[in-house]
>>> print(open('upload_18.cif').read())   # mmCIF, C-alpha atoms
data_start
loop_
_atom_site.label_atom_id
_atom_site.label_comp_id
_atom_site.auth_asym_id
_atom_site.auth_seq_id
_atom_site.Cartn_x
_atom_site.Cartn_y
_atom_site.Cartn_z
CA MET A 19 50.36 -40.63 5.46
CA ARG A 20 53.71 -39.02 6.16
CA LEU A 21 53.84 -37.76 2.58
CA ALA A 22 50.36 -36.22 2.89
CA LEU A 23 51.35 -34.36 6.03
CA LEU A 24 54.45 -33.04 4.28
CA LEU A 25 52.40 -31.86 1.26
CA LEU A 26 49.58 -30.29 3.29
CA PRO A 27 51.31 -26.91 3.84
CA LEU A 28 51.91 -26.70 0.09
CA LEU A 29 48.34 -27.65 -0.88
CA LEU A 30 46.50 -25.58 1.72
CA PRO A 31 46.85 -22.22 -0.10
CA LEU A 32 45.36 -23.87 -3.20
CA LEU A 33 42.51 -25.62 -1.39
CA LEU A 34 41.43 -22.77 0.90
CA PRO A 35 39.82 -20.60 -1.82
CA LEU A 36 37.85 -23.61 -3.05
CA LEU A 37 36.62 -24.42 0.45
CA LEU A 38 35.54 -20.82 1.02
CA ALA A 39 33.77 -20.68 -2.34
CA PHE A 40 31.53 -23.64 -1.49
CA ALA A 41 30.90 -22.68 2.13
CA PRO A 42 27.52 -20.95 2.77
CA PRO A 43 27.82 -17.23 3.52
CA ALA A 44 28.00 -16.41 7.20
CA GLY A 45 25.09 -14.00 6.83
CA ALA A 46 22.87 -16.71 5.37
CA GLN A 47 23.51 -18.91 8.39
CA SER A 48 22.77 -16.27 11.03
CA PHE A 49 20.40 -13.73 9.46
CA PRO A 50 18.41 -12.31 11.11
CA GLU A 51 20.28 -11.88 14.36
CA ARG A 52 18.05 -9.12 15.75
CA PRO A 53 14.48 -7.84 15.29
CA ILE A 54 13.39 -6.56 11.90
CA ARG A 55 11.43 -3.32 11.68
CA ILE A 56 8.75 -2.46 9.15
CA ILE A 57 8.16 1.24 8.51
CA VAL A 58 4.44 1.96 8.04
CA PRO A 59 4.17 5.51 6.64
CA ILE A 60 0.70 6.26 7.98
CA ASN A 61 -1.13 6.73 11.27
CA PRO A 62 -2.36 3.68 13.22
CA GLY A 63 -5.88 2.45 12.62
CA GLY A 64 -6.37 2.20 8.85
CA GLY A 65 -6.14 -0.84 6.58
CA THR A 66 -2.44 -0.36 5.82
CA ASP A 67 -1.58 -0.44 9.52
CA ILE A 68 -3.85 -3.42 10.22
CA PHE A 69 -2.35 -5.51 7.42
CA ALA A 70 1.22 -4.57 8.32
CA ARG A 71 0.82 -5.60 11.95
CA LYS A 72 -0.71 -8.96 11.07
CA LEU A 73 1.94 -9.73 8.46
CA ALA A 74 4.66 -8.85 10.96
CA GLU A 75 3.06 -11.06 13.62
CA LEU A 76 2.91 -14.03 11.25
CA ALA A 77 6.38 -13.60 9.73
CA GLY A 78 8.21 -13.27 13.06
CA PRO A 79 8.17 -16.97 14.01
CA MET A 80 9.19 -17.93 10.48
CA LEU A 81 12.26 -15.68 10.76
CA GLY A 82 13.04 -16.58 14.37
CA GLN A 83 12.98 -12.91 15.35
CA ASN A 84 10.42 -10.29 16.30
CA VAL A 85 9.17 -8.13 13.45
CA ILE A 86 8.25 -4.68 14.75
CA THR A 87 6.06 -2.12 12.96
CA GLU A 88 6.87 1.59 13.29
CA ASN A 89 4.33 4.20 12.18
CA ARG A 90 6.03 7.13 10.43
CA PRO A 91 3.20 9.26 8.99
CA GLY A 92 3.51 12.54 7.14
CA ALA A 93 3.42 14.12 3.69
CA SER A 94 1.08 11.47 2.21
CA GLY A 95 3.45 8.71 3.24
CA THR A 96 6.53 10.10 1.51
CA ILE A 97 8.40 10.76 4.77
CA GLY A 98 8.27 7.10 5.75
CA VAL A 99 9.14 5.90 2.25
CA GLN A 100 12.10 8.29 2.11
CA GLN A 101 13.37 6.81 5.38
CA LEU A 102 13.00 3.36 3.88
CA VAL A 103 14.90 4.08 0.67
CA GLU A 104 17.71 5.71 2.68
CA ALA A 105 17.94 2.85 5.20
CA ARG A 106 20.99 0.59 5.29
CA PRO A 107 20.32 -2.31 2.88
CA ASP A 108 21.06 -5.02 5.43
CA GLY A 109 17.61 -6.62 5.53
CA TYR A 110 16.66 -5.22 8.93
CA THR A 111 14.48 -2.37 7.63
CA LEU A 112 11.49 -2.91 5.34
CA GLY A 113 8.38 -0.90 4.51
CA PHE A 114 4.71 -1.79 4.27
CA ILE A 115 2.84 0.72 2.15
CA TRP A 116 -0.22 1.57 0.17
CA ASN A 117 0.23 2.82 -3.37
CA THR A 118 -0.07 6.60 -2.94
CA PRO A 119 3.46 7.19 -1.57
CA LEU A 120 4.91 5.11 -4.40
CA THR A 121 2.90 6.06 -7.47
CA ALA A 122 1.15 9.40 -6.87
CA ALA A 123 2.81 11.54 -4.19
CA PRO A 124 6.24 11.59 -5.88
CA HIS A 125 4.68 13.61 -8.70
CA THR A 126 2.76 16.06 -6.51
CA LEU A 127 4.99 16.48 -3.44
CA GLY A 128 8.41 16.54 -5.05
CA ALA A 129 9.70 13.42 -3.28
CA ARG A 130 13.37 12.55 -3.79
CA TYR A 131 12.65 9.03 -4.98
CA THR A 132 11.02 7.34 -7.99
CA SER A 133 9.52 3.93 -8.71
CA GLU A 134 13.09 2.67 -9.22
CA SER A 135 14.36 3.72 -5.78
CA PHE A 136 13.19 0.62 -3.87
CA THR A 137 12.77 -3.12 -4.32
CA SER A 138 9.25 -4.53 -4.64
CA MET A 139 8.79 -7.69 -2.57
CA LEU A 140 5.14 -8.61 -2.13
CA ALA A 141 1.71 -7.10 -2.82
CA VAL A 142 -1.10 -8.61 -0.74
CA GLY A 143 -4.34 -7.30 -2.23
CA TYR A 144 -6.40 -4.32 -3.29
CA SER A 145 -9.66 -2.53 -2.64
CA ALA A 146 -11.94 -0.04 -4.25
CA TYR A 147 -11.91 3.47 -2.98
CA ALA A 148 -15.37 4.60 -1.91
CA LEU A 149 -17.24 7.87 -1.58
CA CYS A 150 -19.67 7.46 1.31
CA GLY A 151 -22.19 10.12 2.30
CA GLN A 152 -23.72 10.85 5.68
CA PRO A 153 -26.70 8.56 6.48
CA ASP A 154 -29.12 11.42 5.74
CA PHE A 155 -27.52 12.43 2.43
CA PRO A 156 -30.46 12.83 -0.02
CA ALA A 157 -29.49 10.10 -2.50
CA ASN A 158 -29.68 6.32 -2.48
CA SER A 159 -27.78 5.40 -5.63
CA LEU A 160 -24.74 6.57 -7.56
CA ARG A 161 -26.80 8.24 -10.27
CA GLU A 162 -28.86 10.10 -7.66
CA MET A 163 -25.64 11.19 -5.94
CA VAL A 164 -24.30 12.59 -9.23
CA ASP A 165 -27.52 14.58 -9.75
CA VAL A 166 -27.55 16.00 -6.19
CA VAL A 167 -23.91 17.11 -6.30
CA ARG A 168 -24.31 18.65 -9.75
CA ALA A 169 -27.25 20.66 -8.44
CA HIS A 170 -25.16 22.10 -5.57
CA PRO A 171 -21.71 22.88 -7.02
CA GLY A 172 -19.03 23.37 -4.37
CA GLU A 173 -21.44 22.85 -1.46
CA TYR A 174 -20.37 19.35 -0.45
CA THR A 175 -17.01 18.35 0.98
CA TRP A 176 -15.13 15.08 0.59
CA GLY A 177 -12.22 13.88 2.66
CA ASN A 178 -9.37 11.87 1.21
CA GLU A 179 -6.01 10.37 2.12
CA GLY A 180 -4.05 13.46 1.12
CA LEU A 181 -3.72 16.10 -1.56
CA GLY A 182 -2.11 14.60 -4.63
CA GLY A 183 -2.58 11.01 -3.46
CA ALA A 184 -3.72 8.14 -5.66
CA MET A 185 -7.30 8.54 -4.54
CA HIS A 186 -7.30 12.31 -4.91
CA LEU A 187 -5.90 12.17 -8.44
CA GLY A 188 -8.14 9.29 -9.46
CA VAL A 189 -11.37 10.73 -8.01
CA GLU A 190 -10.71 14.26 -9.29
CA ARG A 191 -10.43 12.75 -12.74
CA ILE A 192 -13.83 11.06 -12.25
CA LEU A 193 -15.51 14.17 -10.80
CA ARG A 194 -14.27 16.33 -13.65
CA ARG A 195 -15.60 13.84 -16.18
CA LEU A 196 -19.02 13.87 -14.45
CA ASN A 197 -19.09 17.65 -13.89
CA MET A 198 -19.36 17.20 -10.11
CA GLN A 199 -17.86 20.08 -8.13
CA MET A 200 -16.99 19.25 -4.51
CA THR A 201 -14.50 20.73 -2.05
CA THR A 202 -11.50 18.54 -1.26
CA VAL A 203 -10.46 18.12 2.39
CA PRO A 204 -7.16 16.22 2.70
CA PHE A 205 -6.24 13.98 5.64
CA GLN A 206 -3.47 11.45 6.35
CA GLY A 207 -5.29 8.19 5.78
CA ALA A 208 -8.52 6.56 6.92
CA GLY A 209 -7.41 6.79 10.55
CA GLN A 210 -8.07 10.54 10.31
CA THR A 211 -10.67 10.73 7.53
CA LEU A 212 -13.19 8.39 9.14
CA PRO A 213 -13.36 10.17 12.55
CA ALA A 214 -13.85 13.49 10.75
CA PHE A 215 -16.65 11.96 8.71
CA LEU A 216 -18.32 10.30 11.70
CA GLY A 217 -18.10 13.64 13.52
CA ARG A 218 -19.97 15.17 10.55
CA HIS A 219 -17.15 17.59 9.73
CA ILE A 220 -17.22 16.50 6.07
CA THR A 221 -20.06 15.37 3.80
CA PHE A 222 -18.31 12.40 2.21
CA TYR A 223 -15.78 9.91 3.46
CA GLY A 224 -13.24 9.25 0.73
CA GLY A 225 -10.90 6.31 1.18
CA SER A 226 -10.60 2.57 0.92
CA VAL A 227 -13.55 0.27 1.48
CA VAL A 228 -11.38 -1.33 4.17
CA GLY A 229 -11.35 1.89 6.16
CA VAL A 230 -15.13 2.39 6.10
CA ILE A 231 -16.51 -1.15 6.02
CA GLY A 232 -17.36 -1.15 9.74
CA ALA A 233 -19.22 2.15 9.56
CA ALA A 234 -21.08 1.02 6.44
CA ARG A 235 -22.16 -2.21 8.13
CA ALA A 236 -23.39 -0.21 11.13
CA GLY A 237 -25.43 2.17 8.97
CA GLN A 238 -23.18 5.13 9.81
CA ALA A 239 -22.11 5.68 6.21
CA LYS A 240 -24.08 5.61 2.97
CA CYS A 241 -21.56 4.39 0.42
CA LEU A 242 -22.63 5.26 -3.12
CA MET A 243 -19.56 5.44 -5.40
CA LEU A 244 -16.86 2.79 -5.90
CA THR A 245 -13.76 3.58 -7.93
CA THR A 246 -13.48 0.07 -9.33
CA ALA A 247 -15.35 -0.78 -12.50
CA GLU A 248 -17.32 -3.47 -10.67
CA ASP A 249 -19.65 -3.36 -7.66
CA HIS A 250 -18.84 -4.68 -4.17
CA PRO A 251 -20.91 -7.43 -2.52
CA GLU A 252 -21.05 -5.68 0.87
CA MET A 253 -21.85 -2.22 -0.45
CA ARG A 254 -25.50 -2.65 -1.37
CA ASN A 255 -26.19 0.94 -2.47
CA ALA A 256 -22.80 1.59 -4.03
CA GLN A 257 -22.00 1.07 -7.68
CA GLY A 258 -18.79 0.79 -9.65
CA LEU A 259 -17.84 3.09 -12.49
CA ALA A 260 -19.00 0.69 -15.20
CA SER A 261 -22.57 1.68 -14.29
CA LEU A 262 -21.73 5.19 -15.54
CA GLY A 263 -19.74 4.05 -18.55
CA LEU A 264 -16.45 5.02 -16.89
CA ALA A 265 -14.80 1.64 -16.37
CA ASP A 266 -11.62 3.03 -17.93
CA HIS A 267 -11.34 5.53 -15.04
CA ALA A 268 -11.02 2.85 -12.34
CA ILE A 269 -8.42 3.35 -9.57
CA THR A 270 -7.77 1.12 -6.54
CA ILE A 271 -5.79 1.19 -3.34
CA TRP A 272 -3.35 -1.69 -2.96
CA TRP A 273 -0.88 -2.72 -0.27
CA GLY A 274 2.55 -4.28 -0.30
CA LEU A 275 5.99 -4.84 1.18
CA ILE A 276 9.07 -3.04 -0.14
CA ALA A 277 12.76 -2.94 0.75
CA PRO A 278 15.77 -0.68 0.20
CA ASN A 279 17.71 -1.46 -2.96
CA GLY A 280 20.89 -3.47 -2.50
CA ILE A 281 20.00 -6.05 0.16
CA PRO A 282 22.28 -9.11 -0.31
CA ALA A 283 20.58 -11.82 -2.35
CA ASP A 284 20.76 -14.48 0.37
CA ARG A 285 19.10 -12.20 2.91
CA MET A 286 16.46 -11.07 0.43
CA ALA A 287 15.62 -14.68 -0.36
CA ARG A 288 15.20 -15.42 3.35
CA LEU A 289 12.88 -12.43 3.79
CA GLU A 290 10.84 -13.13 0.67
CA THR A 291 10.29 -16.75 1.68
CA ALA A 292 9.18 -15.88 5.21
CA PHE A 293 6.83 -13.06 4.24
CA ALA A 294 5.34 -15.03 1.35
CA GLN A 295 4.59 -17.89 3.75
CA ALA A 296 3.01 -15.45 6.19
CA ALA A 297 0.87 -13.87 3.47
CA ARG A 298 -0.30 -17.30 2.27
CA THR A 299 -1.70 -18.30 5.68
CA ASP A 300 -5.44 -18.61 6.15
CA ALA A 301 -5.20 -16.13 9.03
CA PHE A 302 -3.84 -13.39 6.80
CA ARG A 303 -6.17 -14.11 3.91
CA GLN A 304 -9.18 -14.05 6.23
CA LEU A 305 -8.06 -10.71 7.67
CA VAL A 306 -7.75 -9.12 4.23
CA GLU A 307 -11.10 -10.43 3.03
CA GLY A 308 -12.76 -9.68 6.37
CA GLN A 309 -11.81 -6.03 5.92
CA GLY A 310 -13.64 -5.91 2.60
CA ALA A 311 -10.51 -6.06 0.41
CA THR A 312 -9.66 -8.45 -2.42
CA TYR A 313 -6.87 -10.84 -1.47
CA ARG A 314 -4.38 -11.21 -4.33
CA LEU A 315 -0.67 -11.93 -3.97
CA GLN A 316 1.82 -10.49 -6.42
CA PHE A 317 5.55 -10.97 -6.14
CA GLY A 318 8.80 -9.27 -7.07
CA ALA A 319 9.04 -8.47 -10.77
CA ASP A 320 5.26 -8.51 -11.33
CA MET A 321 4.67 -6.08 -8.46
CA ALA A 322 7.49 -3.84 -9.72
CA ALA A 323 6.04 -3.73 -13.25
CA ALA A 324 2.56 -2.83 -11.98
CA THR A 325 4.03 -0.13 -9.74
CA ARG A 326 5.96 1.46 -12.62
CA ALA A 327 2.88 1.46 -14.87
CA GLU A 328 0.72 3.18 -12.24
CA TYR A 329 3.53 5.64 -11.44
CA GLN A 330 3.60 6.73 -15.08
CA ALA A 331 -0.21 6.93 -15.43
CA LEU A 332 -0.75 9.02 -12.28
CA GLY A 333 2.10 11.28 -13.30
CA GLU A 334 0.15 12.08 -16.44
CA VAL A 335 -2.96 12.89 -14.38
CA ALA A 336 -1.00 15.13 -12.00
CA ARG A 337 0.39 17.10 -14.91
CA ALA A 338 -3.02 17.36 -16.56
CA ILE A 339 -4.69 18.93 -13.50
CA GLY A 340 -1.72 21.14 -12.64
CA LEU A 341 -0.50 19.41 -9.48
CA ALA A 342 2.83 18.08 -10.74
CA LYS A 343 5.91 19.48 -9.04
#
>>> encode(input="upload_18.cif", output="structure tokens")
Amino acid sequence: MRLALLLLPLLLPLLLPLLLAFAPPAGAQSFPERPIRIIVPINPGGGTDIFARKLAELAGPMLGQNVITENRPGASGTIGVQQLVEARPDGYTLGFIWNTPLTAAPHTLGARYTSESFTSMLAVGYSAYALCGQPDFPANSLREMVDVVRAHPGEYTWGNEGLGGAMHLGVERILRRLNMQMTTVPFQGAGQTLPAFLGRHITFYGGSVVGVIGAARAGQAKCLMLTTAEDHPEMRNAQGLASLGLADHAITIWWGLIAPNGIPADRMARLETAFAQAARTDAFRQLVEGQGATYRLQFGADMAAATRAEYQALGEVARAIGLAK
């Protein structure tokens, strides 16, 4: 015993690095120590905002901290995403987005980020975009809608989530293929597009099914075109693009969670686990499906690969129609 005490001062410098190497990082033990904020780059009221708030509510107890959503709209979502990519990578700032700010707007608005400027964490589902006419619009099917619009070039207006957004680029591609000339009216998400449509300021609502499902159920919107290849069970008059032989022109809106690059691995693992558990709950799944969207989880590398592929494809469309910056 006496010998051990005498040798301890000599052995301590050798043992200390080993003890520190096997000790868990201090951050892993205490993170998070304060509330986490999720930047939502759109106005309150649309599907993106609804999903973000529910995910935050469910993830908070799993993290032991409040998760707060902050709406930062503007420039088709690029302002909020820019704030996210420039945030300190400490795990306390995340972003919940729809695809336009990530895959379309960078090409058309000259954003200072690319599909490599952030870390993909979790995608929660997707939905068709829809073109929905006023209840008295003189068509009751997609083919009839095409004929009416063709007969009145430039007369009808359609609102969308923003000039150069995923929907705008995708639908313009479809309209050009079908020789349908309509006037584009850009907004900042369904939270603005739907009130303008319900106030009869535009002929067609253009946006996610999620944003218009309530109005469609109430008979306030006659939804006729879906931008998926397939039909939708709750949109009885609407048809997907396969009915016109344009399945290859399909475009969807999808939603997901992203983070700044460079968050320490132990903190990222903690966040990914908590938000994945929240997204897997029945409460979250029921919310997504209840809003008319398709619930489908996609994680990390798979979400990143899908984001890069769409980023490249929409960049080609933007260049083809002269909107690329």
>>> atom_distance(input="upload_18.cif", atom1="atom CA of Ala105 of chain A", atom2="atom CA of Ala342 of chain A")
26.7 Å
>>> resolve_selection(input="upload_18.cif", expression="the PyMOL selection byres ((chain A and resi 210) around 12)", output="PDB file with C-alpha atoms, keeping the file's coordinate frame")
ATOM      1  CA  ILE A  60       0.700   6.260   7.980  1.00  0.00           C
ATOM      2  CA  ASN A  61      -1.130   6.730  11.270  1.00  0.00           C
ATOM      3  CA  PRO A  62      -2.360   3.680  13.220  1.00  0.00           C
ATOM      4  CA  GLY A  63      -5.880   2.450  12.620  1.00  0.00           C
ATOM      5  CA  GLY A  64      -6.370   2.200   8.850  1.00  0.00           C
ATOM      6  CA  PRO A  91       3.200   9.260   8.990  1.00  0.00           C
ATOM      7  CA  GLY A 177     -12.220  13.880   2.660  1.00  0.00           C
ATOM      8  CA  ASN A 178      -9.370  11.870   1.210  1.00  0.00           C
ATOM      9  CA  GLU A 179      -6.010  10.370   2.120  1.00  0.00           C
ATOM     10  CA  GLY A 180      -4.050  13.460   1.120  1.00  0.00           C
ATOM     11  CA  VAL A 203     -10.460  18.120   2.390  1.00  0.00           C
ATOM     12  CA  PRO A 204      -7.160  16.220   2.700  1.00  0.00           C
ATOM     13  CA  PHE A 205      -6.240  13.980   5.640  1.00  0.00           C
ATOM     14  CA  GLN A 206      -3.470  11.450   6.350  1.00  0.00           C
ATOM     15  CA  GLY A 207      -5.290   8.190   5.780  1.00  0.00           C
ATOM     16  CA  ALA A 208      -8.520   6.560   6.920  1.00  0.00           C
ATOM     17  CA  GLY A 209      -7.410   6.790  10.550  1.00  0.00           C
ATOM     18  CA  THR A 211     -10.670  10.730   7.530  1.00  0.00           C
ATOM     19  CA  LEU A 212     -13.190   8.390   9.140  1.00  0.00           C
ATOM     20  CA  PRO A 213     -13.360  10.170  12.550  1.00  0.00           C
ATOM     21  CA  ALA A 214     -13.850  13.490  10.750  1.00  0.00           C
ATOM     22  CA  PHE A 215     -16.650  11.960   8.710  1.00  0.00           C
ATOM     23  CA  LEU A 216     -18.320  10.300  11.700  1.00  0.00           C
ATOM     24  CA  GLY A 217     -18.100  13.640  13.520  1.00  0.00           C
ATOM     25  CA  HIS A 219     -17.150  17.590   9.730  1.00  0.00           C
ATOM     26  CA  ILE A 220     -17.220  16.500   6.070  1.00  0.00           C
ATOM     27  CA  TYR A 223     -15.780   9.910   3.460  1.00  0.00           C
ATOM     28  CA  GLY A 224     -13.240   9.250   0.730  1.00  0.00           C
ATOM     29  CA  GLY A 225     -10.900   6.310   1.180  1.00  0.00           C
ATOM     30  CA  GLY A 229     -11.350   1.890   6.160  1.00  0.00           C
ATOM     31  CA  VAL A 230     -15.130   2.390   6.100  1.00  0.00           C
TER      32      VAL A 230
END
>>> atom_distance(input="upload_18.cif", atom1="atom CA of Gly128 of chain A", atom2="atom CA of Gln330 of chain A")
14.8 Å
>>> closest_residue(input="upload_18.cif", among="A:His125, A:Arg90, A:Arg161, A:Arg52", to="Met243 of chain A", atoms="only C-alpha atoms")
A:Arg161
>>> resolve_selection(input="upload_18.cif", expression="the PyMOL selection byres ((chain A and resi 334) around 12)", output="PyMOL selection string")
chain A and resi 121-122+125-126+187-188+191+327-333+335-343
>>> resolve_selection(input="upload_18.cif", expression="the PyMOL selection byres ((chain A and resi 287) around 12)", output="list of chain:residue names")
A:Gly45, A:Ala46, A:Phe49, A:Leu81, A:Gly109, A:Met139, A:Ile281, A:Pro282, A:Ala283, A:Asp284, A:Arg285, A:Met286, A:Arg288, A:Leu289, A:Glu290, A:Thr291, A:Ala292, A:Phe293, A:Ala294, A:Gly318
>>> atom_distance(input="upload_18.cif", atom1="atom CA of Gly143 of chain A", atom2="atom CA of Ala323 of chain A")
15.6 Å
>>> closest_residue(input="upload_18.cif", among="A:Thr96, A:Thr270, A:Asn89, A:Gln309", to="Val189 of chain A", atoms="only C-alpha atoms")
A:Thr270
>>> residues_around(input="upload_18.cif", residues="Gly65 of chain A", least_positions_apart="2", cutoff="6 Å", atoms="only C-alpha atoms", output="ChimeraX atom specification")
/A:67-68,228-229
>>> residues_around(input="upload_18.cif", residues="Thr118 of chain A", least_positions_apart="5", cutoff="6 Å", atoms="all atoms listed in the file", output="NGL selection string")
:A and (123 or 183-184)
>>> residues_around(input="upload_18.cif", residues="segment 313-317 of chain A", least_positions_apart="4", cutoff="10 Å", atoms="only C-alpha atoms", output="PDB file with C-alpha atoms, in the frame of the given file")
ATOM      1  CA  SER A 138       9.250  -4.530  -4.640  1.00  0.00           C
ATOM      2  CA  MET A 139       8.790  -7.690  -2.570  1.00  0.00           C
ATOM      3  CA  LEU A 140       5.140  -8.610  -2.130  1.00  0.00           C
ATOM      4  CA  ALA A 141       1.710  -7.100  -2.820  1.00  0.00           C
ATOM      5  CA  VAL A 142      -1.100  -8.610  -0.740  1.00  0.00           C
ATOM      6  CA  GLY A 143      -4.340  -7.300  -2.230  1.00  0.00           C
ATOM      7  CA  TYR A 144      -6.400  -4.320  -3.290  1.00  0.00           C
ATOM      8  CA  SER A 145      -9.660  -2.530  -2.640  1.00  0.00           C
ATOM      9  CA  TRP A 272      -3.350  -1.690  -2.960  1.00  0.00           C
ATOM     10  CA  TRP A 273      -0.880  -2.720  -0.270  1.00  0.00           C
ATOM     11  CA  GLY A 274       2.550  -4.280  -0.300  1.00  0.00           C
ATOM     12  CA  LEU A 275       5.990  -4.840   1.180  1.00  0.00           C
ATOM     13  CA  GLU A 290      10.840 -13.130   0.670  1.00  0.00           C
ATOM     14  CA  ALA A 294       5.340 -15.030   1.350  1.00  0.00           C
ATOM     15  CA  ALA A 297       0.870 -13.870   3.470  1.00  0.00           C
ATOM     16  CA  ARG A 298      -0.300 -17.300   2.270  1.00  0.00           C
ATOM     17  CA  PHE A 302      -3.840 -13.390   6.800  1.00  0.00           C
ATOM     18  CA  ARG A 303      -6.170 -14.110   3.910  1.00  0.00           C
ATOM     19  CA  GLN A 304      -9.180 -14.050   6.230  1.00  0.00           C
ATOM     20  CA  LEU A 305      -8.060 -10.710   7.670  1.00  0.00           C
ATOM     21  CA  VAL A 306      -7.750  -9.120   4.230  1.00  0.00           C
ATOM     22  CA  GLU A 307     -11.100 -10.430   3.030  1.00  0.00           C
ATOM     23  CA  GLY A 308     -12.760  -9.680   6.370  1.00  0.00           C
ATOM     24  CA  MET A 321       4.670  -6.080  -8.460  1.00  0.00           C
ATOM     25  CA  ALA A 322       7.490  -3.840  -9.720  1.00  0.00           C
ATOM     26  CA  ALA A 324       2.560  -2.830 -11.980  1.00  0.00           C
TER      27      ALA A 324
END
>>> closest_residue(input="upload_18.cif", among="A:Thr299, A:Asn197, A:Thr312, A:Thr175", to="Ala77 of chain A", atoms="all atoms listed in the file")
A:Thr299
>>> closest_atom_pairs(input="upload_18.cif", of="segment 93-202 of chain A", to="segment 255-263 of chain A", cutoff="12 Å", atoms="all atoms listed in the file", output="JSON lines")
{"residue": "A:Ser145", "atom": "CA", "partner": "A:Gly258", "partner_atom": "CA", "distance": 12.0}
{"residue": "A:Ala146", "atom": "CA", "partner": "A:Gly258", "partner_atom": "CA", "distance": 8.8}
{"residue": "A:Tyr147", "atom": "CA", "partner": "A:Gly258", "partner_atom": "CA", "distance": 10.0}
{"residue": "A:Ala148", "atom": "CA", "partner": "A:Ala256", "partner_atom": "CA", "distance": 8.3}
{"residue": "A:Leu149", "atom": "CA", "partner": "A:Ala256", "partner_atom": "CA", "distance": 8.7}
{"residue": "A:Cys150", "atom": "CA", "partner": "A:Ala256", "partner_atom": "CA", "distance": 8.5}
{"residue": "A:Gly151", "atom": "CA", "partner": "A:Ala256", "partner_atom": "CA", "distance": 10.6}
{"residue": "A:Pro153", "atom": "CA", "partner": "A:Asn255", "partner_atom": "CA", "distance": 11.8}
{"residue": "A:Ala157", "atom": "CA", "partner": "A:Asn255", "partner_atom": "CA", "distance": 9.7}
{"residue": "A:Asn158", "atom": "CA", "partner": "A:Asn255", "partner_atom": "CA", "distance": 6.4}
{"residue": "A:Ser159", "atom": "CA", "partner": "A:Asn255", "partner_atom": "CA", "distance": 5.7}
{"residue": "A:Leu160", "atom": "CA", "partner": "A:Gln257", "partner_atom": "CA", "distance": 6.1}
{"residue": "A:Arg161", "atom": "CA", "partner": "A:Leu262", "partner_atom": "CA", "distance": 7.9}
{"residue": "A:Glu162", "atom": "CA", "partner": "A:Asn255", "partner_atom": "CA", "distance": 10.9}
{"residue": "A:Met163", "atom": "CA", "partner": "A:Ala256", "partner_atom": "CA", "distance": 10.2}
{"residue": "A:Val164", "atom": "CA", "partner": "A:Leu262", "partner_atom": "CA", "distance": 10.1}
{"residue": "A:Gly188", "atom": "CA", "partner": "A:Leu259", "partner_atom": "CA", "distance": 11.9}
{"residue": "A:Val189", "atom": "CA", "partner": "A:Leu259", "partner_atom": "CA", "distance": 11.0}
{"residue": "A:Ile192", "atom": "CA", "partner": "A:Leu259", "partner_atom": "CA", "distance": 8.9}
{"residue": "A:Leu193", "atom": "CA", "partner": "A:Leu259", "partner_atom": "CA", "distance": 11.4}
{"residue": "A:Arg195", "atom": "CA", "partner": "A:Leu262", "partner_atom": "CA", "distance": 10.6}
{"residue": "A:Leu196", "atom": "CA", "partner": "A:Leu262", "partner_atom": "CA", "distance": 9.2}
